[in-house]
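So this one's run.txt, compact mmCIF, N, CA and C atoms:
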# COMPACT_ATOMS: atom_id res chain seq x y z
N MET A 1 12.10 -24.85 -13.24
CA MET A 1 11.21 -23.76 -13.58
C MET A 1 11.46 -23.36 -15.03
N THR A 2 10.39 -23.02 -15.74
CA THR A 2 10.53 -22.59 -17.12
C THR A 2 11.05 -21.16 -17.16
N GLU A 3 11.49 -20.75 -18.35
CA GLU A 3 11.98 -19.39 -18.55
C GLU A 3 10.90 -18.39 -18.16
N ASP A 4 11.21 -17.52 -17.24
CA ASP A 4 10.25 -16.52 -16.77
C ASP A 4 10.92 -15.15 -16.89
N THR A 5 10.38 -14.31 -17.74
CA THR A 5 10.96 -12.98 -17.92
C THR A 5 10.07 -11.91 -17.32
N GLY A 6 9.05 -12.31 -16.56
CA GLY A 6 8.12 -11.36 -15.98
C GLY A 6 8.50 -10.95 -14.56
N THR A 7 7.50 -10.57 -13.84
CA THR A 7 7.68 -10.05 -12.48
C THR A 7 8.36 -11.06 -11.57
N ASN A 8 7.95 -12.33 -11.66
CA ASN A 8 8.56 -13.34 -10.80
C ASN A 8 10.06 -13.43 -11.04
N ALA A 9 10.47 -13.45 -12.30
CA ALA A 9 11.89 -13.52 -12.63
C ALA A 9 12.62 -12.28 -12.11
N LEU A 10 11.99 -11.13 -12.22
CA LEU A 10 12.62 -9.90 -11.72
C LEU A 10 12.77 -9.92 -10.20
N LEU A 11 11.77 -10.45 -9.50
CA LEU A 11 11.88 -10.55 -8.04
C LEU A 11 13.05 -11.45 -7.64
N PHE A 12 13.18 -12.59 -8.33
CA PHE A 12 14.30 -13.48 -8.03
C PHE A 12 15.62 -12.85 -8.42
N ALA A 13 15.64 -12.10 -9.53
CA ALA A 13 16.87 -11.43 -9.96
C ALA A 13 17.30 -10.38 -8.94
N VAL A 14 16.36 -9.60 -8.46
CA VAL A 14 16.70 -8.59 -7.44
C VAL A 14 17.19 -9.28 -6.17
N SER A 15 16.52 -10.37 -5.78
CA SER A 15 16.94 -11.11 -4.59
C SER A 15 18.37 -11.64 -4.74
N ARG A 16 18.68 -12.20 -5.92
CA ARG A 16 20.05 -12.70 -6.16
C ARG A 16 21.06 -11.55 -6.14
N TRP A 17 20.66 -10.40 -6.70
CA TRP A 17 21.54 -9.23 -6.70
C TRP A 17 21.85 -8.80 -5.27
N ILE A 18 20.83 -8.76 -4.41
CA ILE A 18 21.03 -8.39 -3.00
C ILE A 18 21.99 -9.38 -2.34
N ASP A 19 21.76 -10.68 -2.57
CA ASP A 19 22.63 -11.70 -1.97
C ASP A 19 24.05 -11.62 -2.49
N GLY A 20 24.23 -11.10 -3.72
CA GLY A 20 25.55 -11.06 -4.32
C GLY A 20 26.33 -9.78 -4.11
N THR A 21 25.75 -8.81 -3.38
CA THR A 21 26.48 -7.57 -3.14
C THR A 21 27.71 -7.87 -2.28
N PRO A 22 28.75 -7.04 -2.38
CA PRO A 22 29.96 -7.29 -1.60
C PRO A 22 29.70 -7.48 -0.11
N ALA A 23 28.78 -6.73 0.44
CA ALA A 23 28.49 -6.84 1.88
C ALA A 23 27.86 -8.18 2.23
N ASN A 24 27.13 -8.78 1.30
CA ASN A 24 26.41 -10.01 1.60
C ASN A 24 27.08 -11.27 1.09
N ARG A 25 27.95 -11.15 0.10
CA ARG A 25 28.55 -12.32 -0.56
C ARG A 25 29.21 -13.28 0.41
N GLU A 26 29.94 -12.76 1.36
CA GLU A 26 30.69 -13.60 2.29
C GLU A 26 29.99 -13.75 3.65
N ARG A 27 28.82 -13.19 3.77
CA ARG A 27 28.10 -13.22 5.05
C ARG A 27 27.63 -14.64 5.37
N ASP A 28 27.65 -14.98 6.63
CA ASP A 28 27.13 -16.26 7.10
C ASP A 28 25.68 -16.40 6.64
N PRO A 29 25.27 -17.57 6.13
CA PRO A 29 23.91 -17.74 5.62
C PRO A 29 22.82 -17.38 6.63
N GLU A 30 23.03 -17.71 7.89
CA GLU A 30 22.03 -17.37 8.91
C GLU A 30 21.96 -15.86 9.11
N ALA A 31 23.12 -15.20 9.12
CA ALA A 31 23.14 -13.74 9.25
C ALA A 31 22.48 -13.08 8.05
N LEU A 32 22.68 -13.64 6.88
CA LEU A 32 22.06 -13.10 5.67
C LEU A 32 20.54 -13.25 5.75
N LEU A 33 20.08 -14.39 6.22
CA LEU A 33 18.64 -14.60 6.38
C LEU A 33 18.05 -13.60 7.37
N TRP A 34 18.75 -13.41 8.49
CA TRP A 34 18.30 -12.41 9.48
C TRP A 34 18.26 -11.02 8.86
N GLY A 35 19.28 -10.68 8.11
CA GLY A 35 19.34 -9.36 7.49
C GLY A 35 18.22 -9.15 6.49
N ARG A 36 17.96 -10.16 5.66
CA ARG A 36 16.89 -10.05 4.66
C ARG A 36 15.53 -9.90 5.33
N THR A 37 15.33 -10.64 6.43
CA THR A 37 14.06 -10.58 7.15
C THR A 37 13.92 -9.26 7.91
N ALA A 38 14.99 -8.82 8.54
CA ALA A 38 14.95 -7.55 9.29
C ALA A 38 14.71 -6.37 8.36
N LYS A 39 15.16 -6.46 7.13
CA LYS A 39 14.96 -5.38 6.16
C LYS A 39 13.48 -5.11 5.95
N VAL A 40 12.65 -6.12 6.08
CA VAL A 40 11.20 -5.93 5.95
C VAL A 40 10.71 -4.99 7.06
N SER A 41 11.19 -5.16 8.27
CA SER A 41 10.81 -4.28 9.37
C SER A 41 11.31 -2.86 9.15
N GLU A 42 12.50 -2.74 8.62
CA GLU A 42 13.06 -1.41 8.34
C GLU A 42 12.20 -0.69 7.31
N GLU A 43 11.76 -1.41 6.29
CA GLU A 43 10.90 -0.82 5.27
C GLU A 43 9.55 -0.41 5.87
N ALA A 44 9.03 -1.20 6.81
CA ALA A 44 7.77 -0.83 7.48
C ALA A 44 7.94 0.49 8.23
N GLY A 45 9.10 0.68 8.82
CA GLY A 45 9.37 1.95 9.49
C GLY A 45 9.35 3.12 8.53
N GLU A 46 9.81 2.91 7.30
CA GLU A 46 9.78 3.97 6.30
C GLU A 46 8.36 4.31 5.90
N VAL A 47 7.48 3.30 5.87
CA VAL A 47 6.07 3.56 5.59
C VAL A 47 5.48 4.46 6.68
N VAL A 48 5.74 4.12 7.92
CA VAL A 48 5.21 4.89 9.04
C VAL A 48 5.77 6.31 9.01
N ALA A 49 7.05 6.47 8.75
CA ALA A 49 7.64 7.81 8.70
C ALA A 49 6.99 8.65 7.60
N ALA A 50 6.74 8.05 6.44
CA ALA A 50 6.10 8.78 5.36
C ALA A 50 4.67 9.15 5.73
N LEU A 51 3.96 8.26 6.39
CA LEU A 51 2.58 8.54 6.80
C LEU A 51 2.53 9.67 7.83
N ILE A 52 3.45 9.65 8.78
CA ILE A 52 3.53 10.73 9.77
C ILE A 52 3.73 12.06 9.06
N GLY A 53 4.61 12.07 8.07
CA GLY A 53 4.86 13.28 7.33
C GLY A 53 3.69 13.72 6.48
N ALA A 54 3.00 12.76 5.88
CA ALA A 54 1.87 13.09 5.00
C ALA A 54 0.67 13.60 5.78
N LEU A 55 0.51 13.12 7.00
CA LEU A 55 -0.64 13.52 7.82
C LEU A 55 -0.30 14.64 8.80
N GLY A 56 0.96 15.03 8.86
CA GLY A 56 1.36 16.11 9.75
C GLY A 56 1.31 15.76 11.22
N HIS A 57 1.60 14.51 11.54
CA HIS A 57 1.53 14.07 12.93
C HIS A 57 2.76 14.41 13.76
N ASN A 58 3.70 15.12 13.20
CA ASN A 58 4.82 15.64 13.97
C ASN A 58 4.62 17.15 14.06
N PRO A 59 4.16 17.63 15.23
CA PRO A 59 3.82 19.05 15.33
C PRO A 59 5.00 19.98 15.05
N ARG A 60 6.19 19.50 15.26
CA ARG A 60 7.37 20.33 15.01
C ARG A 60 7.62 20.50 13.51
N LYS A 61 7.26 19.49 12.70
CA LYS A 61 7.55 19.54 11.27
C LYS A 61 6.32 19.86 10.42
N GLY A 62 5.14 19.55 10.91
CA GLY A 62 3.94 19.75 10.11
C GLY A 62 3.86 18.73 8.98
N VAL A 63 3.17 19.09 7.90
CA VAL A 63 3.03 18.21 6.74
C VAL A 63 4.28 18.39 5.88
N TYR A 64 5.00 17.31 5.67
CA TYR A 64 6.23 17.39 4.88
C TYR A 64 6.39 16.22 3.92
N ASP A 65 5.34 15.43 3.76
CA ASP A 65 5.41 14.29 2.85
C ASP A 65 4.07 14.17 2.15
N THR A 66 3.93 13.15 1.30
CA THR A 66 2.71 12.97 0.52
C THR A 66 2.18 11.55 0.65
N LEU A 67 0.88 11.41 0.37
CA LEU A 67 0.31 10.06 0.36
C LEU A 67 0.86 9.25 -0.80
N GLU A 68 1.28 9.90 -1.87
CA GLU A 68 1.92 9.18 -2.98
C GLU A 68 3.22 8.54 -2.51
N HIS A 69 3.95 9.23 -1.62
CA HIS A 69 5.18 8.64 -1.08
C HIS A 69 4.85 7.48 -0.15
N VAL A 70 3.74 7.59 0.59
CA VAL A 70 3.30 6.47 1.44
C VAL A 70 3.04 5.25 0.56
N GLU A 71 2.34 5.47 -0.56
CA GLU A 71 2.07 4.38 -1.50
C GLU A 71 3.37 3.75 -2.00
N TYR A 72 4.33 4.59 -2.39
CA TYR A 72 5.63 4.08 -2.86
C TYR A 72 6.28 3.21 -1.78
N GLU A 73 6.27 3.70 -0.55
CA GLU A 73 6.91 2.95 0.54
C GLU A 73 6.17 1.65 0.83
N LEU A 74 4.83 1.65 0.72
CA LEU A 74 4.08 0.40 0.90
C LEU A 74 4.45 -0.62 -0.16
N LEU A 75 4.58 -0.16 -1.40
CA LEU A 75 4.98 -1.07 -2.48
C LEU A 75 6.41 -1.54 -2.30
N ASP A 76 7.29 -0.67 -1.81
CA ASP A 76 8.66 -1.06 -1.53
C ASP A 76 8.70 -2.12 -0.43
N LEU A 77 7.85 -1.96 0.57
CA LEU A 77 7.74 -2.95 1.64
C LEU A 77 7.29 -4.29 1.07
N ALA A 78 6.27 -4.27 0.20
CA ALA A 78 5.77 -5.51 -0.40
C ALA A 78 6.86 -6.19 -1.22
N MET A 79 7.59 -5.40 -2.00
CA MET A 79 8.66 -5.98 -2.82
C MET A 79 9.76 -6.56 -1.95
N THR A 80 10.10 -5.86 -0.87
CA THR A 80 11.13 -6.36 0.05
C THR A 80 10.70 -7.70 0.65
N ALA A 81 9.44 -7.80 1.02
CA ALA A 81 8.93 -9.05 1.59
C ALA A 81 8.96 -10.17 0.54
N LEU A 82 8.58 -9.85 -0.69
CA LEU A 82 8.60 -10.88 -1.75
C LEU A 82 10.03 -11.30 -2.07
N CYS A 83 10.97 -10.35 -2.07
CA CYS A 83 12.37 -10.72 -2.32
C CYS A 83 12.94 -11.53 -1.17
N ALA A 84 12.53 -11.25 0.06
CA ALA A 84 12.96 -12.07 1.19
C ALA A 84 12.40 -13.48 1.05
N THR A 85 11.18 -13.60 0.56
CA THR A 85 10.58 -14.91 0.31
C THR A 85 11.35 -15.63 -0.78
N ALA A 86 11.73 -14.90 -1.83
CA ALA A 86 12.55 -15.49 -2.90
C ALA A 86 13.85 -16.01 -2.32
N HIS A 87 14.46 -15.25 -1.41
CA HIS A 87 15.71 -15.67 -0.77
C HIS A 87 15.51 -17.00 -0.03
N LEU A 88 14.39 -17.12 0.70
CA LEU A 88 14.11 -18.37 1.41
C LEU A 88 14.05 -19.55 0.46
N TYR A 89 13.37 -19.37 -0.66
CA TYR A 89 13.24 -20.47 -1.62
C TYR A 89 14.55 -20.75 -2.32
N THR A 90 15.33 -19.73 -2.61
CA THR A 90 16.63 -19.93 -3.25
C THR A 90 17.53 -20.78 -2.35
N ARG A 91 17.47 -20.53 -1.04
CA ARG A 91 18.25 -21.34 -0.09
C ARG A 91 17.87 -22.82 -0.18
N LYS A 92 16.60 -23.10 -0.54
CA LYS A 92 16.13 -24.48 -0.66
C LYS A 92 16.29 -25.02 -2.08
N GLY A 93 16.84 -24.19 -2.98
CA GLY A 93 17.03 -24.61 -4.35
C GLY A 93 15.74 -24.62 -5.15
N GLN A 94 14.79 -23.82 -4.74
CA GLN A 94 13.49 -23.76 -5.43
C GLN A 94 13.24 -22.34 -5.94
N ALA A 95 12.36 -22.23 -6.92
CA ALA A 95 12.00 -20.92 -7.47
C ALA A 95 10.53 -20.92 -7.89
N PRO A 96 9.62 -20.95 -6.90
CA PRO A 96 8.20 -20.96 -7.25
C PRO A 96 7.75 -19.60 -7.77
N ASP A 97 6.54 -19.55 -8.29
CA ASP A 97 5.95 -18.29 -8.72
C ASP A 97 5.50 -17.55 -7.46
N LEU A 98 6.21 -16.49 -7.12
CA LEU A 98 5.94 -15.76 -5.89
C LEU A 98 4.57 -15.09 -5.90
N LEU A 99 4.13 -14.63 -7.06
CA LEU A 99 2.82 -13.99 -7.13
C LEU A 99 1.70 -15.01 -6.94
N THR A 100 1.93 -16.25 -7.36
CA THR A 100 0.95 -17.31 -7.09
C THR A 100 0.91 -17.61 -5.60
N LEU A 101 2.09 -17.64 -4.96
CA LEU A 101 2.13 -17.83 -3.51
C LEU A 101 1.39 -16.70 -2.80
N LEU A 102 1.59 -15.47 -3.26
CA LEU A 102 0.90 -14.32 -2.67
C LEU A 102 -0.60 -14.46 -2.89
N ASP A 103 -1.01 -14.83 -4.08
CA ASP A 103 -2.43 -15.01 -4.39
C ASP A 103 -3.05 -16.07 -3.46
N GLN A 104 -2.35 -17.18 -3.26
CA GLN A 104 -2.85 -18.23 -2.37
C GLN A 104 -2.98 -17.71 -0.94
N HIS A 105 -2.01 -16.91 -0.52
CA HIS A 105 -2.05 -16.36 0.84
C HIS A 105 -3.23 -15.40 0.99
N VAL A 106 -3.42 -14.52 0.00
CA VAL A 106 -4.53 -13.57 0.04
C VAL A 106 -5.86 -14.33 0.12
N ARG A 107 -5.99 -15.38 -0.68
CA ARG A 107 -7.23 -16.16 -0.66
C ARG A 107 -7.44 -16.84 0.69
N THR A 108 -6.37 -17.35 1.31
CA THR A 108 -6.49 -17.99 2.63
C THR A 108 -6.93 -16.98 3.68
N VAL A 109 -6.33 -15.80 3.67
CA VAL A 109 -6.70 -14.76 4.65
C VAL A 109 -8.13 -14.30 4.40
N ALA A 110 -8.50 -14.13 3.13
CA ALA A 110 -9.87 -13.71 2.80
C ALA A 110 -10.88 -14.75 3.29
N GLU A 111 -10.55 -16.01 3.11
CA GLU A 111 -11.43 -17.07 3.56
C GLU A 111 -11.58 -17.05 5.07
N ARG A 112 -10.47 -16.84 5.79
CA ARG A 112 -10.55 -16.75 7.25
C ARG A 112 -11.42 -15.58 7.68
N ALA A 113 -11.47 -14.54 6.86
CA ALA A 113 -12.29 -13.36 7.16
C ALA A 113 -13.73 -13.55 6.71
N GLY A 114 -14.04 -14.72 6.14
CA GLY A 114 -15.39 -15.00 5.69
C GLY A 114 -15.71 -14.43 4.33
N LEU A 115 -14.67 -14.06 3.57
CA LEU A 115 -14.86 -13.49 2.24
C LEU A 115 -14.54 -14.55 1.20
N THR A 116 -15.51 -15.33 0.85
CA THR A 116 -15.26 -16.41 -0.09
C THR A 116 -15.37 -15.95 -1.54
N GLN A 117 -16.05 -14.84 -1.77
CA GLN A 117 -16.18 -14.28 -3.11
C GLN A 117 -15.63 -12.86 -3.11
N PRO A 118 -14.95 -12.46 -4.17
CA PRO A 118 -14.52 -11.05 -4.25
C PRO A 118 -15.76 -10.15 -4.21
N PRO A 119 -15.66 -8.97 -3.59
CA PRO A 119 -16.82 -8.07 -3.50
C PRO A 119 -17.27 -7.59 -4.87
Would you mind writing the file's structure down as structure tokens?
Amino acid sequence: MTEDTGTNALLFAVSRWIDGTPANRERDPEALLWGRTAKVSEEAGEVVAALIGALGHNPRKGVYDTLEHVEYELLDLAMTALCATAHLYTRKGQAPDLLTLLDQHVRTVAERAGLTQPP
């Protein structure tokens, strides 16, 4: 891979940082993969918790969060998923452009939905 100082490089750098933390450095590779993948679900739970708070769906607490926080958590979820994908490729000794992979996936899903042209 050529020198990449943009978003893709940052995603791989964050992924390597996560893998290199003291808690993960000595972890069994399979356990690390499970942990990285499970973290995506944990982040999804944070999105739901923020949405509950923003919409006031807990009658005991009322409205205690914002839609801006929901947006932040959604983006955190997306980044967590992309970093987990980076981890998968790092295990294989590869470092593709993750945003290109995401773009290809979006196009495939859009095509399955019958959306061949952007609106």
For Val48 in chain A: contacts at 8 Å, all atoms listed in the file, fewer than 4 positions along chain excluded, given as a PDB file with N, CA and C atoms, keeping the file's coordinate frame:
ATOM      1  N   GLU A  43      11.760  -1.410   6.290  1.00  0.00           N
ATOM      2  CA  GLU A  43      10.900  -0.820   5.270  1.00  0.00           C
ATOM      3  C   GLU A  43       9.550  -0.410   5.870  1.00  0.00           C
ATOM      4  N   ALA A  44       9.030  -1.200   6.810  1.00  0.00           N
ATOM      5  CA  ALA A  44       7.770  -0.830   7.480  1.00  0.00           C
ATOM      6  C   ALA A  44       7.940   0.490   8.230  1.00  0.00           C
ATOM      7  N   ILE A  52       3.450   9.650   8.780  1.00  0.00           N
ATOM      8  CA  ILE A  52       3.530  10.730   9.770  1.00  0.00           C
ATOM      9  C   ILE A  52       3.730  12.060   9.060  1.00  0.00           C
ATOM     10  N   GLY A  53       4.610  12.070   8.070  1.00  0.00           N
ATOM     11  CA  GLY A  53       4.860  13.280   7.330  1.00  0.00           C
ATOM     12  C   GLY A  53       3.690  13.720   6.480  1.00  0.00           C
ATOM     13  N   ALA A  54       3.000  12.760   5.880  1.00  0.00           N
ATOM     14  CA  ALA A  54       1.870  13.090   5.000  1.00  0.00           C
ATOM     15  C   ALA A  54       0.670  13.600   5.780  1.00  0.00           C
ATOM     16  N   VAL A  70       3.740   7.590   0.590  1.00  0.00           N
ATOM     17  CA  VAL A  70       3.300   6.470   1.440  1.00  0.00           C
ATOM     18  C   VAL A  70       3.040   5.250   0.560  1.00  0.00           C
ATOM     19  N   GLU A  73       6.270   3.700  -0.550  1.00  0.00           N
ATOM     20  CA  GLU A  73       6.910   2.950   0.540  1.00  0.00           C
ATOM     21  C   GLU A  73       6.170   1.650   0.830  1.00  0.00           C
ATOM     22  N   LEU A  74       4.830   1.650   0.720  1.00  0.00           N
ATOM     23  CA  LEU A  74       4.080   0.400   0.900  1.00  0.00           C
ATOM     24  C   LEU A  74       4.450  -0.620  -0.160  1.00  0.00           C
TER      25      LEU A  74
END
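Pairwise distance (atom C of His69 in chain A, atom C of Thr7 in chain A) equals 22.1 Å.
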TODO: Write out as a PyMOL selection string all residues of chain A that DSSP puts in alpha helix (DSSP H) for this structure's backbone.
DONE: chain A and resi 7-20+22-25+29-55+67-91+98-112
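Each of A:Thr66, A:Thr80, A:Thr116, A:Asn8 was checked against Gly35 in chain A using only C-alpha atoms; the smallest atom-to-atom distance is that of A:Thr80.
If only C-alpha atoms are the atoms counted, then among A:Leu55, A:Val109, A:Leu98, A:Leu10 the closest residue to Thr85 in chain A is A:Leu98.
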Box in all listed atoms of range 8-12 of chain A, axis-aligned, with 5 Å more on each side; write out centre and edge lengths in Å to one decimal as JSON.
{"center_x": 11.8, "center_y": -11.7, "center_z": -10.1, "size_x": 17.7, "size_y": 13.6, "size_z": 15.0}
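Between Ser15 in chain A and the candidates A:Ala113, A:Ala86, A:Thr100, A:Arg91, the tightest atom-to-atom separation, counting all atoms listed in the file, involves A:Ala86.
Nearest-residue note for Phe12 in chain A: choosing from A:Leu32, A:Gln104, A:His87, A:Pro59, the minimum distance belongs to A:His87, counting all atoms listed in the file.
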Task: Residue nearest Ser41 in chain A among A:Arg107, A:Leu77, A:Lys92, A:Arg112 (counting all atoms listed in the file) - done: A:Leu77
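Pairwise distance (atom N of Ala95 in chain A, atom C of Gly6 in chain A) equals 14.2 Å.
We find CA of Pro22 in chain A and atom N of Glu42 in chain A to be spaced 20.7 Å apart.
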Open item on the list: Which residues are near Leu33 in chain A? Cut-off 10 Å, only C-alpha atoms, ignore same chain within fewer than 6 positions. Put them as number ranges by chain.
Closed with: A: 19, 27, 39, 84, 87-88, 91
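You can rank A:Thr108, A:Thr90, A:Gln117, A:Asn58 by their closest distance to Leu11 in chain A using only C-alpha atoms, and at the top of that list sits A:Thr90.
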Incomplete range 46-56 of chain A filled out to all heavy atoms as a tab-separated table (two decimals), in the coordinates of the input:
chain	number	residue	atom	x	y	z
A	46	GLU	N	9.81	2.91	7.30
A	46	GLU	CA	9.78	3.97	6.30
A	46	GLU	C	8.36	4.31	5.90
A	46	GLU	O	8.04	5.48	5.63
A	46	GLU	CB	10.63	3.58	5.09
A	46	GLU	CG	12.12	3.53	5.41
A	46	GLU	CD	12.98	3.17	4.22
A	46	GLU	OE1	12.49	3.25	3.07
A	46	GLU	OE2	14.15	2.82	4.44
A	47	VAL	N	7.48	3.30	5.87
A	47	VAL	CA	6.07	3.56	5.59
A	47	VAL	C	5.48	4.46	6.68
A	47	VAL	O	4.81	5.46	6.39
A	47	VAL	CB	5.26	2.24	5.51
A	47	VAL	CG1	3.76	2.52	5.43
A	47	VAL	CG2	5.72	1.37	4.35
A	48	VAL	N	5.74	4.12	7.92
A	48	VAL	CA	5.21	4.89	9.04
A	48	VAL	C	5.77	6.31	9.01
A	48	VAL	O	5.03	7.28	9.21
A	48	VAL	CB	5.52	4.19	10.39
A	48	VAL	CG1	5.15	5.07	11.56
A	48	VAL	CG2	4.78	2.86	10.45
A	49	ALA	N	7.05	6.47	8.75
A	49	ALA	CA	7.64	7.81	8.70
A	49	ALA	C	6.99	8.65	7.60
A	49	ALA	O	6.70	9.84	7.81
A	49	ALA	CB	9.15	7.70	8.45
A	50	ALA	N	6.74	8.05	6.44
A	50	ALA	CA	6.10	8.78	5.36
A	50	ALA	C	4.67	9.15	5.73
A	50	ALA	O	4.21	10.27	5.44
A	50	ALA	CB	6.12	7.95	4.07
A	51	LEU	N	3.96	8.26	6.39
A	51	LEU	CA	2.58	8.54	6.80
A	51	LEU	C	2.53	9.67	7.83
A	51	LEU	O	1.68	10.55	7.76
A	51	LEU	CB	1.92	7.28	7.34
A	51	LEU	CG	0.45	7.40	7.71
A	51	LEU	CD1	-0.38	7.80	6.49
A	51	LEU	CD2	-0.05	6.10	8.31
A	52	ILE	N	3.45	9.65	8.78
A	52	ILE	CA	3.53	10.73	9.77
A	52	ILE	C	3.73	12.06	9.06
A	52	ILE	O	3.08	13.05	9.38
A	52	ILE	CB	4.66	10.45	10.79
A	52	ILE	CG1	4.26	9.31	11.72
A	52	ILE	CG2	5.01	11.71	11.59
A	52	ILE	CD1	5.39	8.78	12.58
A	53	GLY	N	4.61	12.07	8.07
A	53	GLY	CA	4.86	13.28	7.33
A	53	GLY	C	3.69	13.72	6.48
A	53	GLY	O	3.40	14.92	6.35
A	54	ALA	N	3.00	12.76	5.88
A	54	ALA	CA	1.87	13.09	5.00
A	54	ALA	C	0.67	13.60	5.78
A	54	ALA	O	-0.10	14.42	5.29
A	54	ALA	CB	1.48	11.87	4.17
A	55	LEU	N	0.51	13.12	7.00
A	55	LEU	CA	-0.64	13.52	7.82
A	55	LEU	C	-0.30	14.64	8.80
A	55	LEU	O	-1.19	15.12	9.51
A	55	LEU	CB	-1.21	12.31	8.57
A	55	LEU	CG	-1.73	11.17	7.69
A	55	LEU	CD1	-2.25	10.04	8.54
A	55	LEU	CD2	-2.78	11.67	6.72
A	56	GLY	N	0.96	15.03	8.86
A	56	GLY	CA	1.36	16.11	9.75
A	56	GLY	C	1.31	15.76	11.22
A	56	GLY	O	1.04	16.62	12.06
